[in-house]
Structure formats: structure tokens, C-alpha cells
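One file, protein_8.txt, is given below (compact mmCIF, C-alpha atoms).
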```
# COMPACT_ATOMS: atom_id res chain seq x y z
CA MET A 23 20.61 7.81 16.28
CA SER A 24 18.76 4.61 15.44
CA VAL A 25 15.16 4.23 14.41
CA LYS A 26 12.90 2.12 16.60
CA ILE A 27 10.11 -0.07 15.25
CA SER A 28 7.73 -1.69 17.73
CA VAL A 29 5.34 -4.42 16.60
CA ILE A 30 2.24 -5.53 18.50
CA THR A 31 1.12 -8.99 17.41
CA MET A 32 -0.65 -12.13 18.53
CA PHE A 33 2.18 -14.15 16.97
CA PRO A 34 5.60 -12.72 17.93
CA GLU A 35 7.36 -15.81 16.55
CA PHE A 36 6.22 -14.71 13.07
CA PHE A 37 9.04 -12.13 13.09
CA ASP A 38 11.90 -14.26 14.43
CA SER A 39 13.54 -15.12 11.11
CA PRO A 40 12.65 -12.16 8.84
CA LEU A 41 14.14 -9.57 11.18
CA GLY A 42 17.46 -11.41 11.38
CA ILE A 43 18.31 -11.87 7.70
CA SER A 44 19.44 -9.86 4.68
CA LEU A 45 19.68 -6.06 4.88
CA VAL A 46 17.15 -5.88 7.72
CA GLY A 47 19.30 -8.16 9.87
CA ARG A 48 22.45 -6.23 9.01
CA ALA A 49 20.78 -2.92 9.82
CA ARG A 50 19.71 -4.38 13.16
CA GLU A 51 23.24 -5.59 13.94
CA ALA A 52 24.69 -2.22 12.94
CA GLY A 53 22.34 -0.38 15.29
CA ILE A 54 20.61 1.50 12.48
CA VAL A 55 17.24 0.10 13.53
CA GLU A 56 15.96 -1.37 16.78
CA PHE A 57 13.01 -3.78 16.91
CA GLU A 58 10.64 -4.41 19.79
CA ILE A 59 8.17 -7.28 19.37
CA ILE A 60 5.26 -7.14 21.82
CA ALA A 61 3.04 -10.16 22.42
CA LEU A 62 -0.53 -8.92 22.55
CA ARG A 63 -1.58 -12.09 24.38
CA ASP A 64 0.39 -10.88 27.42
CA HIS A 65 -2.27 -8.17 27.79
CA GLY A 66 -5.25 -10.49 27.29
CA LEU A 67 -8.19 -10.48 29.67
CA GLY A 68 -8.81 -12.97 32.43
CA ARG A 69 -7.39 -16.41 33.05
CA HIS A 70 -7.56 -17.32 29.34
CA LYS A 71 -5.91 -14.07 28.15
CA THR A 72 -8.89 -13.32 25.93
CA LEU A 73 -8.35 -10.88 23.05
CA ASP A 74 -11.63 -11.05 21.15
CA GLY A 75 -15.38 -10.68 21.57
CA ALA A 76 -18.60 -11.11 19.61
CA PRO A 77 -19.60 -8.00 17.61
CA PHE A 78 -22.42 -5.79 18.87
CA GLY A 79 -25.36 -6.04 16.50
CA GLY A 80 -24.60 -9.65 15.65
CA GLY A 81 -22.83 -11.05 12.62
CA ALA A 82 -20.20 -13.60 11.77
CA GLY A 83 -16.68 -13.50 13.12
CA LEU A 84 -15.08 -12.00 16.20
CA VAL A 85 -13.69 -8.55 16.91
CA MET A 86 -10.42 -7.67 18.65
CA ARG A 87 -11.20 -6.00 21.97
CA ILE A 88 -9.94 -2.54 22.82
CA GLU A 89 -8.64 -3.21 26.36
CA PRO A 90 -5.65 -5.44 25.42
CA LEU A 91 -4.64 -3.04 22.66
CA ALA A 92 -4.88 -0.04 24.98
CA ALA A 93 -2.71 -1.79 27.56
CA ALA A 94 -0.08 -2.78 24.98
CA LEU A 95 -0.02 0.72 23.50
CA GLN A 96 0.15 2.61 26.79
CA PRO A 97 3.99 2.63 27.00
CA LEU A 98 4.15 3.56 23.30
CA ALA A 99 1.99 6.67 23.49
CA SER A 100 4.67 8.94 22.00
CA SER A 101 5.28 6.69 18.97
CA HIS A 102 3.53 6.89 15.60
CA LYS A 103 0.98 4.08 15.66
CA VAL A 104 -0.10 2.30 12.46
CA LEU A 105 -2.82 -0.35 12.36
CA LEU A 106 -2.46 -2.95 9.61
CA SER A 107 -5.93 -3.89 8.38
CA ALA A 108 -7.84 -4.51 5.16
CA GLY A 109 -9.84 -1.34 5.73
CA GLY A 110 -6.90 1.03 5.76
CA TYR A 111 -5.44 3.34 3.15
CA ARG A 112 -3.35 1.53 0.55
CA LEU A 113 0.37 1.25 1.24
CA THR A 114 2.38 3.16 -1.37
CA GLN A 115 5.98 4.21 -1.83
CA GLU A 116 4.95 7.70 -0.75
CA VAL A 117 3.67 6.30 2.56
CA LEU A 118 6.92 4.37 3.08
CA ASP A 119 8.97 7.49 2.38
CA ARG A 120 7.01 9.32 5.06
CA LEU A 121 7.21 6.51 7.63
CA ALA A 122 10.97 6.23 7.10
CA GLY A 123 11.31 9.70 8.57
CA ILE A 124 9.71 8.75 11.91
CA ASP A 125 12.00 7.97 14.85
CA HIS A 126 9.66 5.53 16.62
CA LEU A 127 7.10 3.60 14.62
CA THR A 128 4.58 1.17 16.15
CA LEU A 129 2.93 -1.37 13.86
CA VAL A 130 -0.22 -3.01 15.20
CA CYS A 131 -1.18 -6.28 13.53
CA GLY A 132 -4.93 -6.63 13.29
CA ARG A 133 -6.65 -10.04 13.44
CA TYR A 134 -10.13 -11.56 13.52
CA GLU A 135 -12.95 -9.83 11.65
CA GLY A 136 -11.47 -6.49 12.63
CA VAL A 137 -10.48 -4.26 15.53
CA ASP A 138 -12.90 -2.39 17.79
CA GLU A 139 -13.35 0.91 15.95
CA ARG A 140 -12.77 2.88 19.13
CA ALA A 141 -9.18 1.66 19.11
CA VAL A 142 -8.83 2.87 15.53
CA GLU A 143 -10.33 6.27 16.28
CA HIS A 144 -8.62 7.01 19.59
CA LEU A 145 -5.43 4.94 19.80
CA MET A 146 -4.05 4.83 16.24
CA ASP A 147 -2.52 7.55 14.10
CA GLU A 148 -3.35 5.87 10.80
CA GLU A 149 -4.65 2.65 9.28
CA VAL A 150 -2.85 0.99 6.34
CA SER A 151 -3.65 -1.91 4.02
CA LEU A 152 -1.32 -3.80 1.67
CA GLY A 153 -3.94 -3.89 -1.07
CA ASP A 154 -7.43 -4.84 -2.12
CA TYR A 155 -7.49 -8.30 -0.58
CA VAL A 156 -7.84 -9.91 2.85
CA LEU A 157 -5.16 -11.86 4.71
CA LEU A 158 -5.32 -13.74 8.00
CA GLY A 159 -3.81 -10.82 9.88
CA GLY A 160 -1.57 -7.78 9.73
CA GLU A 161 1.76 -9.53 10.23
CA VAL A 162 2.59 -9.75 6.52
CA GLY A 163 1.74 -6.07 6.12
CA ALA A 164 3.94 -5.17 9.09
CA LEU A 165 6.87 -7.00 7.50
CA ALA A 166 6.25 -5.20 4.22
CA ILE A 167 6.44 -1.84 6.00
CA ILE A 168 9.55 -2.89 7.92
CA GLU A 169 11.39 -3.88 4.74
CA GLY A 170 10.15 -0.83 2.86
CA VAL A 171 11.21 1.54 5.64
CA VAL A 172 14.52 -0.05 6.65
CA ARG A 173 15.91 -0.02 3.11
CA LEU A 174 15.38 3.76 3.03
CA LEU A 175 17.39 4.43 6.20
CA PRO A 176 20.85 5.97 5.72
CA GLY A 177 23.59 3.37 5.67
CA VAL A 178 21.40 0.36 4.84
CA VAL A 179 21.62 0.15 1.05
CA GLY A 180 25.15 0.21 -0.36
CA ASN A 181 24.32 2.60 -3.20
CA PRO A 182 21.84 5.26 -1.98
CA GLU A 183 21.05 6.19 -5.60
CA SER A 184 19.46 2.78 -6.13
CA VAL A 185 16.47 3.64 -3.93
CA ILE A 186 15.84 6.83 -5.88
CA HIS A 187 15.75 5.42 -9.42
CA GLU A 188 13.20 2.64 -8.97
CA SER A 189 9.54 1.80 -9.45
CA PHE A 190 6.91 4.38 -8.46
CA ARG A 191 9.38 7.23 -7.88
CA ASP A 192 8.12 8.98 -11.01
CA GLY A 193 4.66 7.45 -11.01
CA LEU A 194 5.80 4.66 -13.34
CA VAL A 195 6.86 1.07 -12.80
CA GLU A 196 10.47 0.19 -13.39
CA GLU A 197 11.95 -0.83 -16.74
CA PRO A 198 13.28 -4.38 -17.36
CA HIS A 199 16.86 -5.19 -16.36
CA TYR A 200 19.46 -7.51 -17.91
CA THR A 201 22.89 -8.79 -16.93
CA ARG A 202 25.48 -11.28 -18.25
CA PRO A 203 25.51 -13.34 -20.39
CA ALA A 204 24.42 -11.23 -23.34
CA GLU A 205 22.81 -14.35 -24.85
CA TYR A 206 21.36 -17.40 -23.12
CA GLN A 207 19.77 -20.27 -25.04
CA GLY A 208 19.13 -17.91 -27.92
CA TRP A 209 17.53 -15.26 -25.72
CA GLY A 210 19.30 -11.98 -26.26
CA VAL A 211 19.57 -8.60 -24.58
CA PRO A 212 18.15 -5.51 -26.35
CA GLU A 213 20.90 -4.17 -28.60
CA VAL A 214 20.56 -0.64 -27.27
CA LEU A 215 21.82 -1.77 -23.86
CA LEU A 216 25.00 -3.06 -25.48
CA SER A 217 25.56 0.04 -27.61
CA GLY A 218 27.38 2.18 -25.05
CA ASN A 219 25.21 5.13 -26.08
CA HIS A 220 24.01 6.48 -22.74
CA GLU A 221 21.46 8.85 -24.27
CA LYS A 222 19.82 6.05 -26.25
CA VAL A 223 19.86 3.79 -23.20
CA ALA A 224 18.17 6.48 -21.10
CA GLU A 225 15.51 6.99 -23.77
CA TRP A 226 14.90 3.22 -24.05
CA ARG A 227 14.45 2.98 -20.29
CA ARG A 228 12.02 5.91 -20.27
CA GLN A 229 9.94 4.33 -23.03
CA GLU A 230 9.96 0.94 -21.31
CA ARG A 231 8.74 2.48 -18.06
CA GLN A 232 5.85 4.08 -19.90
CA ARG A 233 5.03 0.89 -21.84
CA ARG A 234 5.07 -1.30 -18.76
CA THR A 235 2.96 1.11 -16.76
CA GLN A 236 0.35 1.30 -19.51
CA GLU A 237 0.20 -2.50 -19.80
CA ARG A 238 0.51 -3.56 -16.17
CA ARG A 239 -0.74 -0.63 -14.12
CA PRO A 240 -3.33 1.30 -16.13
CA ASP A 241 -4.54 2.81 -12.86
CA LEU A 242 -1.18 4.54 -12.41
CA TRP A 243 -1.11 5.58 -16.05
CA ARG A 244 -4.52 7.22 -15.73
CA GLU A 245 -3.25 9.26 -12.81
CA LEU A 246 -0.57 10.73 -15.04
CA ALA A 247 -1.40 13.16 -17.81
CA VAL A 248 -2.55 10.74 -20.50
CA GLY A 249 -1.31 11.87 -23.88
CA GLU A 250 1.70 13.65 -22.41
CA ASP A 251 5.13 12.17 -21.87
CA PRO A 252 5.55 11.45 -18.14
CA GLU A 253 9.11 12.07 -16.99
```

Show this structure as C-alpha cells.
Amino acid sequence: MSVKISVITMFPEFFDSPLGISLVGRAREAGIVEFEIIALRDHGLGRHKTLDGAPFGGGAGLVMRIEPLAAALQPLASSHKVLLSAGGYRLTQEVLDRLAGIDHLTLVCGRYEGVDERAVEHLMDEEVSLGDYVLLGGEVGALAIIEGVVRLLPGVVGNPESVIHESFRDGLVEEPHYTRPAEYQGWGVPEVLLSGNHEKVAEWRRQERQRRTQERRPDLWRELAVGEDPE
């Protein structure tokens, strides 16, 4: 049985190329995942297909109206609906793992200054953000979720083990990787990786994950038991 991912967006053409290439495209061709791209403008109001309105209380910017969203979502009532917006919970690997277990996922791409909060409260199941920054809309976030979810589906990645031993699975970022040649322009590969000693290689990788996490993601490191050896 395939997984279905519906996307509601003002710009359906945004998804034309990304959904047809690489592992996502292959998964689509193999019937592992089905995509449905819904043009929100088709549900706009009046002759001009209006999607936005001025905010109550005044202020800069426009707000996405609830009526077009409600109309677009009506046939998708049984799906799990996720709004992509800067005000949502941060997207993490744990969230992707959970979403990958849902049969029908609907991703709603926010735009403008925001979405009428009544749509968030009554029409969505959750609200997700890529990170602590603001983009033009939710399309990039929707693509991030699509890639993150599709690669977890059975039959998509050639070696299923590769999605288990990667960044964030143990609360740490991934260790550095090297391949041939062993030396390039005087730049060598750590000797331990050439030693053939699997125990030493495993220990080096563990230490590198800890070092990189401390240096690059101190927020993750603080969440672990500082002073202990995270596994």
C-alpha cells in the first residue's frame, strides 16, 4: 500500500521538478508514494480568486483567509494536516519518523504574514517550522518534509541500515566521512580508518560525533547528559 502526500499551495509549479527526480521520483514511479498537488488559488474568493485579507486590529502585511483553506481541505478531512509556518514547532528527525508512519499526509504551505488562526486551531492537526527564520512561504518546508519522509519509506533507500545510523538518531550529529583516494593534494584520511581495526574505527566515530556535536550544536549537547558519554 502506498503512502499519499497532498500539498496545498499557491504555487503548484514549485513542485514540478523536485517530485520527479532522485529517490523521490523513483519512489513515485514505483508506486511507493503518491503525490497530489492542490492549487489553493482554485478555491479563491470572487472574480479575482482572492486568498488574503487585511488583519483585524491593523498592522502591516496580509493574512491568508480561512474560507479558501477550508474549501481545499474539505475533501482531505481524514488526512493528517500539517501547516508549514514560521510559528510552528521545529521540524526534527523525530517528527519525520512519526510523519513517515502516516498513510495520508496533507502539507499546507502558508504565505503572507500568516494564516487566520481559526484555520490553525480548527482545521490543522499540527503546525511545523523548518527553523528559527522566516521564508517567503511554506513550500520549501513542505519539500523538506517530503524528502525526509519518503526516504524513510520501505523500499526507497537501497540499504535500510543507512537511515538508522545517521545524524540525530542518537542525539548527536554525524561523524565525518571519507572515500578514495586515501590522499589528495597532500590531504590525507585519518589513519584509523585505514587500519582495518573495526573496534578502533567505531570508537573514533563515536568520539567524532561527540566532538562535532559539542562544537556545532551545543544546544543538542546540552540536552544530553553533559559530563557523561552519550552513546

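CA of Leu98 in chain A is positioned 14.2 Å from CA of Val25 in chain A.
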
Which of these, A:Gly153, A:Gly42, A:Gly160, A:Gly177, has the shortest distance to Ser24 in chain A once you count all atoms listed in the file? A:Gly177

Which of A:Pro176, A:Gly159, A:Gly170, A:Pro212 sits closest to Trp226 in chain A [using only C-alpha atoms]: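 Checking each of A:Pro176, A:Gly159, A:Gly170, A:Pro212 against Trp226 in chain A, counting only C-alpha atoms, the winner is A:Pro212.
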
May I have the protein, DNA and RNA residues with any atom at most 12 Å from the point (8.7, 7.3, 9.7), counting only C-alpha atoms, written as a ChimeraX atom specification? /A:24-27,55,101-104,116-129,167-168,170-172,174-175

What separation in Å, quoted to one decimal, exists between CA of Asp38 in chain A and CA of Ser107 in chain A?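 Computed distance, CA of Asp38 in chain A to CA of Ser107 in chain A, equals 21.5 Å.
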
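Note that the spacing between CA of Gly79 in chain A and CA of Asp138 in chain A amounts to 13.0 Å.
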
For a cut-off of 12 Å around (5.7, -9.6, 4.4), file coordinates, pick out all residues using only C-alpha atoms and list them as a PyMOL selection string. chain A and resi 36-37+39-41+106+131+152+157+159-170

Return the single residue from A:Tyr111, A:Phe33, A:Tyr206, A:Phe57 that is closest to Leu158 in chain A, with distances computed using all atoms listed in the file.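 Closest residue, counting all atoms listed in the file: A:Phe33.
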
Here is a test: counting all atoms listed in the file, which residue of A:Pro198, A:Pro97, A:Pro90, A:Gly193 is nearest to Leu67 in chain A?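 The shortest atom-to-atom distance to Leu67 in chain A comes from A:Pro90.
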
Got a sec: who's within 7 Å of range 230-246 of chain A, counting only C-alpha atoms, leaving out chain neighbours fewer than 4 positions off, as an MDAnalysis selection string? chainID A and resid 193:197 226 252

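Among the candidates A:Leu91, A:Ala224, A:Val85, A:Val211, the residue lying nearest to Asp64 in chain A is A:Leu91 (atoms considered: only C-alpha atoms).
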
Restricting the calculation to only C-alpha atoms: of A:Glu51, A:Ala76, A:Gly208, A:Leu105, which residue gets closest to His144 in chain A?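 Of all the options, A:Leu105 lies closest to His144 in chain A.
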
What's around Leu84 in chain A at 12 Å? Count all atoms listed in the file, leave out sequence neighbours fewer than 4 positions away in its own chain, and write the answer as a PyMOL selection string. chain A and resi 72-80+132-138
